[in-house]
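Below is one structure, written out as structure tokens; the observations come after it.
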Amino acid sequence: MATNRASYDETQYSTLNLGPTHPATHGIFQNVLTMDGEIIVDAVSTVGYIHRAFEKLAEHRPYNQITTITDRLNYCSAPINNMGWHMTVEKLIGAEIPKRAQYMRVIIMELSRIADHIVCDTVIAVDTGAMTGFLHMMQYREAIYEIFEEICGARLTTNIGRIGGLERDFSPKAWDKINVFMREFPKALTEFQKLVDRNRIFMDRTINVGPISQEMALDYGFTGPNLRAAGVDYDVRVASPYSSYEDFQFDIPVGTNGDTYDRYMVRMEEMWQSYGIIQQAIKNMPDGSFHADLPEFYLPPKQDVYSKMEALIYHFKIVMGETEIPKGEVYHAVEGGNGELGFYLVSDGGRQPFRLHFRRPCFIYYQAYTEMIKGGLLSDAILTMSSMNVIAGELDA
Amino acid sequence: MSELLEIVREKLQNKFEGALLNAEMQYDYPVFTLEKSNTKVILQFLKEDPDLNFHFLTTMCGLHHPENAPEQEFALMYQLHNMPKNWRIRIKTYMSKQDLDMPTVTDIWKTAGWMERQEFDFFGFNFVGHSNLTRILNMDEMNYHPMRKEYPLEDAMREDKDDKMFGR
């Protein structure tokens, strides 16, 4: 838009540093903007401020200790990353996971998807000036974190689940908390939608802001809600189902313009779909074990460690990271909060991965950001960023 | 997915004789090892062929195999996706340490821009034709490519630590 203006050459541009630590960027992102008044003429983004060498680090750790690295990718929905990693290793070793464990994983993953989308959608509202909804909905993210705490003992960086299943069954208290959440969440989300969805100010601020076309989105490797907002119905849960997603009935919402409003609405509808999936998982929860019988990878019960020789040996080998993984090369993708989160794992038969590459959706689609904000207003650039849900941990690995 | 292996193998063998070095299934993925000089042409073909239509570059990454023969020490992996048919394949190509030049694929898929910068940063692949091949996640002053196997986990540029007592 700005580039078409006739007086372009005579204009005095100013350079503006947006970030690295700016309260409105929700994380460590630096964009050096060339501004013509309020309009962005050019932008250069710098990434890597919180790079922690995850791929190198993973080559030096036993498999069960890599879960903690995955926590710190997209920390808004850490359980999805954890599960994705466990499933990658399970694919490599060819493990069959009991149905019950798979359904429990689905509940955990969909809860964290809701938590992720709550943060993203309410923050879009905050960036347009609506604080109330954010504070109200944060209570429900808190409720989800309390469920995680009950299941695994941690809230943000969960390290939830193990290779082969989950570390323990849901306790009665965890079920109580899930039921309370399921009872109260729809009312709150409906309320939030009433506040924001058709709000004139919100619509004016978000419609046609930071749009991306279908072709561009595919060219830039978009996945997840951002790609679906542009109108492509690609979802890993449907395209290549994992963890029994084929058993569930759910819709994939798609947008049309790929603008901020569509991204907001797609995430909003996905929360309802996730809610539906959890309902089905609770209703059809199969009986059985919450973990597979994988003595080499799954820690034995503590009383066996003290009384049985095999259990003691396996316990020792797992804790000391001396379990050898068969040779192979595997790629597994899950639908993370932001899109296709892929793990490309190469094992040379050793105790640590030979190579582990994370396909981090944020890193891949954030490179389109500078193009999406060019010609727009500075305040719209902030909204575009929050609606893309760029998470610094996932971006910088 | 092994039908897909056959479909792509046949196409590549007919069109690019001798460029396809190996085709096999790795778990649920068909993996094709290509001769380095033809890799870009084949990637372009895989995208533009109307039957195959691998229009989406899922990811790409580098690999360092010090245990391989010198001419196969480094490798690049590309994963392509045909969304309508849900076909996914992996392309691999090997190269020696002296010859890390690879034509860029940013003109085929824009998304390769940062992926290639990342692999340059960590392994030192030289993507010929890339418009801005600079470090992306590491700092600009870094003087080595840290994902190569010979480098330790800890920052190799540090001078404040003495490893007489504690090895790195």
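Letters A, B, ... mark the chains of the structure tokens in the order given; residue numbers begin at 1 per chain; ligand numbers begin at 1, in order shown.
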
Write down, as a list in words, each residue of chain B that has any atom within 6 Å of an atom of chain A, counting only C-alpha atoms. Trp109, Lys110, Thr111 and Leu137 of chain B

Please provide the set of residues having any atom within 9 Å of Ile118 (chain A), restricted to only C-alpha atoms, with same-chain residues fewer than 5 positions apart removed, written as a PyMOL selection string. chain A and resi 113+123+134+137-138+140-141+267-268+271

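Considering the residues B:Asn82, B:Gly113, B:Leu52, B:Arg135 and counting only C-alpha atoms, Lys11 (chain B) has its shortest atom-to-atom contact with B:Leu52.
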
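For Leu377 (chain A), the list of residues within 10 Å, based on only C-alpha atoms and with local chain neighbours fewer than 6 positions off taken out, reads Met35, Asp36, Gly37, Glu38, Ile39, Ile40, Val41, Val209 and Gly210 of chain A.
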
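Near region 61-74 of chain B, within 8 Å and counting only C-alpha atoms, sit Arg355 and His357 of chain A; Tyr94, Met95, Ser96, Lys97, Leu100, Met115, Glu119, Phe123, Met147, Arg148 and Lys149 of chain B; same-chain residues fewer than 5 positions away were not included.
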
At a cut-off of 8 Å, using only C-alpha atoms, what residues contact Phe120 (chain B)? Leave out same-chain residues fewer than 4 positions from it and give the result as a ChimeraX atom specification. /B:116,124-127,133-135,145
